[in-house]
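Peer 1: File name my_file-v8.cif; file contents mmCIF, C-alpha atoms; full text below.
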data_input
loop_
_atom_site.label_atom_id
_atom_site.label_comp_id
_atom_site.auth_asym_id
_atom_site.auth_seq_id
_atom_site.Cartn_x
_atom_site.Cartn_y
_atom_site.Cartn_z
CA MET J 18 -115.88 -38.92 194.48
CA ASN J 19 -114.74 -41.82 192.33
CA THR J 20 -111.49 -43.22 193.76
CA ASN J 21 -111.17 -45.68 190.89
CA ALA J 22 -110.93 -42.91 188.28
CA SER J 23 -108.12 -43.35 185.81
CA PRO J 24 -105.43 -40.67 185.71
CA ASN J 25 -105.92 -37.85 183.25
CA ILE J 26 -103.76 -37.46 180.16
CA ALA J 27 -101.36 -34.98 181.82
CA GLN J 28 -100.76 -37.39 184.70
CA THR J 29 -100.23 -40.28 182.29
CA LEU J 30 -97.72 -38.27 180.27
CA ALA J 31 -95.90 -37.22 183.43
CA VAL J 32 -95.67 -40.83 184.61
CA ALA J 33 -94.29 -41.84 181.22
CA GLY J 34 -91.57 -39.20 181.56
CA PHE J 35 -93.02 -36.59 179.23
CA ASP J 36 -93.15 -33.08 180.64
CA ILE J 37 -96.31 -31.44 179.32
CA ALA J 38 -94.44 -28.12 179.23
CA ASN J 39 -92.80 -29.58 176.10
CA LEU J 40 -96.09 -29.22 174.25
CA SER J 41 -95.79 -25.44 174.22
CA ALA J 42 -92.00 -25.26 173.80
CA PRO J 43 -90.47 -24.98 170.33
CA ALA J 44 -89.86 -28.43 168.88
CA ALA J 45 -86.28 -29.58 168.59
CA ARG J 46 -85.16 -30.42 165.05
CA VAL J 47 -84.85 -34.19 164.84
CA THR J 48 -83.32 -35.86 161.81
CA PHE J 49 -83.07 -39.45 160.67
CA ASP J 50 -80.53 -40.99 158.32
CA VAL J 51 -82.03 -43.04 155.48
CA PRO J 52 -79.35 -45.22 153.88
CA VAL J 53 -79.61 -45.59 150.09
CA LEU J 54 -76.22 -46.96 149.01
CA PHE J 55 -74.47 -49.97 150.52
CA ASN J 56 -71.07 -51.65 150.27
CA GLN J 57 -70.55 -55.30 149.33
CA ASP J 58 -71.15 -56.36 152.94
CA GLY J 59 -74.51 -54.59 153.01
CA ASP J 60 -73.31 -51.77 155.27
CA PRO J 61 -74.69 -48.31 154.44
CA ILE J 62 -72.16 -45.97 152.83
CA ALA J 63 -74.39 -43.09 151.70
CA GLY J 64 -77.83 -41.81 152.47
CA ILE J 65 -80.26 -38.98 152.91
CA ARG J 66 -80.78 -37.13 156.20
CA ILE J 67 -84.46 -36.24 156.61
CA VAL J 68 -86.78 -34.44 159.01
CA GLY J 69 -90.11 -35.93 160.03
CA LYS J 70 -93.77 -35.16 159.60
CA ASN J 71 -93.79 -32.60 162.42
CA SER J 72 -91.18 -30.49 160.64
CA PRO J 73 -92.04 -27.22 158.88
CA GLU J 74 -90.57 -28.67 155.66
CA TYR J 75 -92.91 -31.65 155.63
CA ARG J 76 -95.96 -29.71 156.73
CA ALA J 77 -95.51 -27.00 154.09
CA GLU J 78 -95.03 -29.47 151.23
CA HIS J 79 -97.82 -31.75 152.40
CA HIS J 80 -100.14 -28.73 152.58
CA ALA J 81 -99.11 -27.63 149.07
CA THR J 82 -99.69 -31.06 147.52
CA ARG J 83 -103.09 -31.36 149.18
CA ALA J 84 -104.07 -27.84 148.08
CA ASN J 85 -103.06 -28.68 144.50
CA GLY J 86 -105.18 -31.81 144.61
CA TYR J 87 -108.23 -29.94 145.88
CA GLN J 88 -107.79 -27.25 143.24
CA ARG J 89 -107.57 -29.89 140.53
CA SER J 90 -110.66 -31.71 141.76
CA ALA J 91 -112.62 -28.44 141.96
CA LYS J 92 -112.01 -27.76 138.28
CA LYS J 93 -114.07 -30.14 136.19
CA SER J 94 -111.82 -29.72 133.16
CA THR J 95 -108.71 -30.85 135.07
CA ALA J 96 -110.29 -33.42 137.39
CA ILE J 97 -108.82 -36.92 136.99
CA ASP J 98 -111.29 -39.60 135.95
CA ALA J 99 -109.80 -42.68 137.61
CA THR J 100 -112.39 -44.95 135.98
CA THR J 101 -110.44 -44.86 132.71
CA ASP J 102 -107.04 -46.41 132.05
CA GLU J 103 -105.63 -42.99 131.16
CA GLY J 104 -107.12 -41.40 134.28
CA ALA J 105 -105.90 -44.17 136.58
CA ASP J 106 -102.42 -43.82 135.09
CA GLN J 107 -102.57 -40.04 135.58
CA LEU J 108 -103.69 -40.50 139.21
CA VAL J 109 -100.80 -42.88 139.97
CA SER J 110 -98.36 -40.43 138.33
CA THR J 111 -99.74 -37.61 140.48
CA ILE J 112 -99.37 -39.69 143.65
CA ASP J 113 -95.80 -40.63 142.69
CA SER J 114 -95.00 -36.99 141.93
CA ASN J 115 -96.38 -35.89 145.30
CA GLN J 116 -94.27 -38.51 147.09
CA LYS J 117 -91.16 -37.25 145.29
CA ARG J 118 -92.01 -33.66 146.21
CA ILE J 119 -92.33 -34.58 149.87
CA ALA J 120 -89.19 -36.77 149.81
CA LEU J 121 -87.27 -33.81 148.37
CA ALA J 122 -88.77 -31.33 150.85
CA VAL J 123 -87.83 -33.39 153.93
CA ALA J 124 -84.24 -33.96 152.77
CA VAL J 125 -82.13 -31.55 154.79
CA ASP J 126 -78.73 -33.11 154.11
CA TRP J 127 -77.05 -36.21 152.79
CA TYR J 128 -73.98 -38.17 153.72
CA GLY J 129 -71.46 -40.33 151.90
CA PHE J 130 -71.80 -38.52 148.56
CA THR J 131 -68.59 -37.06 147.19
CA SER J 132 -67.46 -34.91 144.31
CA GLY J 133 -63.83 -34.98 143.31
CA GLY J 134 -63.00 -36.94 146.46
CA ALA J 135 -64.54 -34.37 148.83
CA GLU J 136 -67.82 -34.58 150.72
CA ALA J 137 -70.46 -33.00 148.49
CA PRO J 138 -73.00 -30.57 149.96
CA LEU J 139 -76.66 -31.41 149.41
CA ASP J 140 -77.74 -30.42 145.91
CA ARG J 141 -81.51 -30.56 145.50
CA ALA J 142 -81.31 -30.72 141.69
CA VAL J 143 -78.99 -33.73 141.90
CA LEU J 144 -81.20 -35.34 144.54
CA ALA J 145 -84.30 -34.79 142.37
CA ALA J 146 -82.49 -36.47 139.46
CA ALA J 147 -81.44 -39.32 141.77
CA TYR J 148 -85.06 -39.81 142.81
CA GLU J 149 -85.99 -40.10 139.12
CA LYS J 150 -83.21 -42.61 138.47
CA TYR J 151 -83.71 -44.56 141.72
CA PRO J 152 -87.41 -44.49 142.67
CA THR J 153 -86.69 -46.89 145.52
CA TRP J 154 -84.92 -44.00 147.28
CA VAL J 155 -88.26 -42.19 147.44
CA ASP J 156 -89.79 -45.38 148.82
CA ARG J 157 -87.10 -45.56 151.52
CA VAL J 158 -87.65 -41.93 152.55
CA THR J 159 -91.43 -42.41 152.55
CA ALA J 160 -91.14 -45.54 154.71
CA ALA J 161 -88.84 -43.72 157.16
CA LEU J 162 -91.35 -40.84 157.40
CA GLU J 163 -94.10 -43.27 158.34
CA ASN J 164 -92.15 -44.62 161.32
CA ASP J 165 -92.74 -42.01 164.02
CA ALA J 166 -90.13 -43.64 166.26
CA ASN J 167 -87.44 -42.49 163.81
CA PHE J 168 -88.03 -38.91 164.96
CA LEU J 169 -88.42 -39.34 168.70
CA LYS J 170 -85.51 -38.16 170.80
CA VAL J 171 -84.08 -40.87 173.01
#
Spit out the file's structure as structure tokens when you get a sec.

Peer 2:
Amino acid sequence: MNTNASPNIAQTLAVAGFDIANLSAPAARVTFDVPVLFNQDGDPIAGIRIVGKNSPEYRAEHHATRANGYQRSAKKSTAIDATTDEGADQLVSTIDSNQKRIALAVAVDWYGFTSGGAEAPLDRAVLAAAYEKYPTWVDRVTAALENDANFLKV
């Protein structure tokens, strides 16, 4: 028997404080606040509350955008030819559109937005319009999604 064997994954996870029973338990909903508007001092005053890549919202929209892409590429008449200027522009537009779709899907709430002086409930149509007007908001949401630590419970 090898006494120098390294611990298995379960032992490593247990040592790190992760109970492997959590792998089969329903995942807790974890959100992250992405600030998009700031006061004169640079402090966030409004933002979008999102769920991460492990969420049903993200997974469903990511699946749908990938399926659409595969369908498009399977049809010769609708396939994008990225070797042309027009095709490259169409490809970039498709990628941007997919990012907006995902940024909208993972938005579960917002904060700091008011209507008539009262806190406004999340309105997906208004958020979609905001993403069109402020494309950097999509970039902020996308960047937050890429940071896994944003969605780990402390």

Peer 1: Quick one: distance from atom CA of Leu169 of chain J to atom CA of Arg66 of chain J in Å, one decimal?

Peer 2: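 Between these atoms lies a distance of 14.8 Å.
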
Peer 1: How would you write, as a list in words, the residues chosen by the PyMOL selection byres ((chain J and resi 145-155) around 9) on this structure?

Peer 2: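 This file, filtered by the PyMOL selection byres ((chain J and resi 145-155) around 9), leaves Val51, Pro52, Val53, Ile65, Gln116, Lys117, Arg118, Ile119, Ala120, Leu121, Asp140, Arg141, Ala142, Val143, Leu144, Asp156, Arg157, Val158, Thr159 and Ala160 of chain J.
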
Peer 1: Export C-alpha atoms of the chosen residues as a short mmCIF file (atom, residue, chain, number, x, y, z; two decimals), in the frame of the given file?

Peer 2:
data_model
loop_
_atom_site.label_atom_id
_atom_site.label_comp_id
_atom_site.auth_asym_id
_atom_site.auth_seq_id
_atom_site.Cartn_x
_atom_site.Cartn_y
_atom_site.Cartn_z
CA VAL J 51 -82.03 -43.04 155.48
CA PRO J 52 -79.35 -45.22 153.88
CA VAL J 53 -79.61 -45.59 150.09
CA ILE J 65 -80.26 -38.98 152.91
CA GLN J 116 -94.27 -38.51 147.09
CA LYS J 117 -91.16 -37.25 145.29
CA ARG J 118 -92.01 -33.66 146.21
CA ILE J 119 -92.33 -34.58 149.87
CA ALA J 120 -89.19 -36.77 149.81
CA LEU J 121 -87.27 -33.81 148.37
CA ASP J 140 -77.74 -30.42 145.91
CA ARG J 141 -81.51 -30.56 145.50
CA ALA J 142 -81.31 -30.72 141.69
CA VAL J 143 -78.99 -33.73 141.90
CA LEU J 144 -81.20 -35.34 144.54
CA ASP J 156 -89.79 -45.38 148.82
CA ARG J 157 -87.10 -45.56 151.52
CA VAL J 158 -87.65 -41.93 152.55
CA THR J 159 -91.43 -42.41 152.55
CA ALA J 160 -91.14 -45.54 154.71
#

Peer 1: Excluding Gly69 of chain J and residues on its chain fewer than 3 positions from it, collect all residues at most 8 Å away from it, counting only C-alpha atoms, and give them as a list in words.

Peer 2: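 Everything that qualifies: Val47, Thr48, Phe49, Ser72, Tyr75, Val123, Leu162, Asp165 and Phe168 of chain J.
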
Peer 1: Could you please take those selected residues and save C-alpha atoms as an mmCIF file, in the coordinates of the input?

Peer 2:
data_model
loop_
_atom_site.group_PDB
_atom_site.id
_atom_site.type_symbol
_atom_site.label_atom_id
_atom_site.label_comp_id
_atom_site.auth_asym_id
_atom_site.auth_seq_id
_atom_site.Cartn_x
_atom_site.Cartn_y
_atom_site.Cartn_z
ATOM 1 C CA VAL J 47 -84.850 -34.190 164.840
ATOM 2 C CA THR J 48 -83.320 -35.860 161.810
ATOM 3 C CA PHE J 49 -83.070 -39.450 160.670
ATOM 4 C CA SER J 72 -91.180 -30.490 160.640
ATOM 5 C CA TYR J 75 -92.910 -31.650 155.630
ATOM 6 C CA VAL J 123 -87.830 -33.390 153.930
ATOM 7 C CA LEU J 162 -91.350 -40.840 157.400
ATOM 8 C CA ASP J 165 -92.740 -42.010 164.020
ATOM 9 C CA PHE J 168 -88.030 -38.910 164.960
#

Peer 1: Selected by the PyMOL selection byres ((chain J and resi 79-81) around 10) in the shown coordinates: which residues, as an mmCIF file with C-alpha atoms, in the coordinates of the input?

Peer 2:
data_model
loop_
_atom_site.group_PDB
_atom_site.id
_atom_site.type_symbol
_atom_site.label_atom_id
_atom_site.label_comp_id
_atom_site.auth_asym_id
_atom_site.auth_seq_id
_atom_site.Cartn_x
_atom_site.Cartn_y
_atom_site.Cartn_z
ATOM 1 C CA LYS J 70 -93.770 -35.160 159.600
ATOM 2 C CA PRO J 73 -92.040 -27.220 158.880
ATOM 3 C CA GLU J 74 -90.570 -28.670 155.660
ATOM 4 C CA TYR J 75 -92.910 -31.650 155.630
ATOM 5 C CA ARG J 76 -95.960 -29.710 156.730
ATOM 6 C CA ALA J 77 -95.510 -27.000 154.090
ATOM 7 C CA GLU J 78 -95.030 -29.470 151.230
ATOM 8 C CA THR J 82 -99.690 -31.060 147.520
ATOM 9 C CA ARG J 83 -103.090 -31.360 149.180
ATOM 10 C CA ALA J 84 -104.070 -27.840 148.080
ATOM 11 C CA ASN J 85 -103.060 -28.680 144.500
ATOM 12 C CA GLY J 86 -105.180 -31.810 144.610
ATOM 13 C CA TYR J 87 -108.230 -29.940 145.880
ATOM 14 C CA ASN J 115 -96.380 -35.890 145.300
ATOM 15 C CA GLN J 116 -94.270 -38.510 147.090
ATOM 16 C CA ARG J 118 -92.010 -33.660 146.210
ATOM 17 C CA ILE J 119 -92.330 -34.580 149.870
ATOM 18 C CA ALA J 122 -88.770 -31.330 150.850
#

Peer 1: Any idea what the distance is between atom CA of Pro61 of chain J and atom CA of Asn167 of chain J?

Peer 2: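 Between these atoms lies a distance of 16.9 Å.
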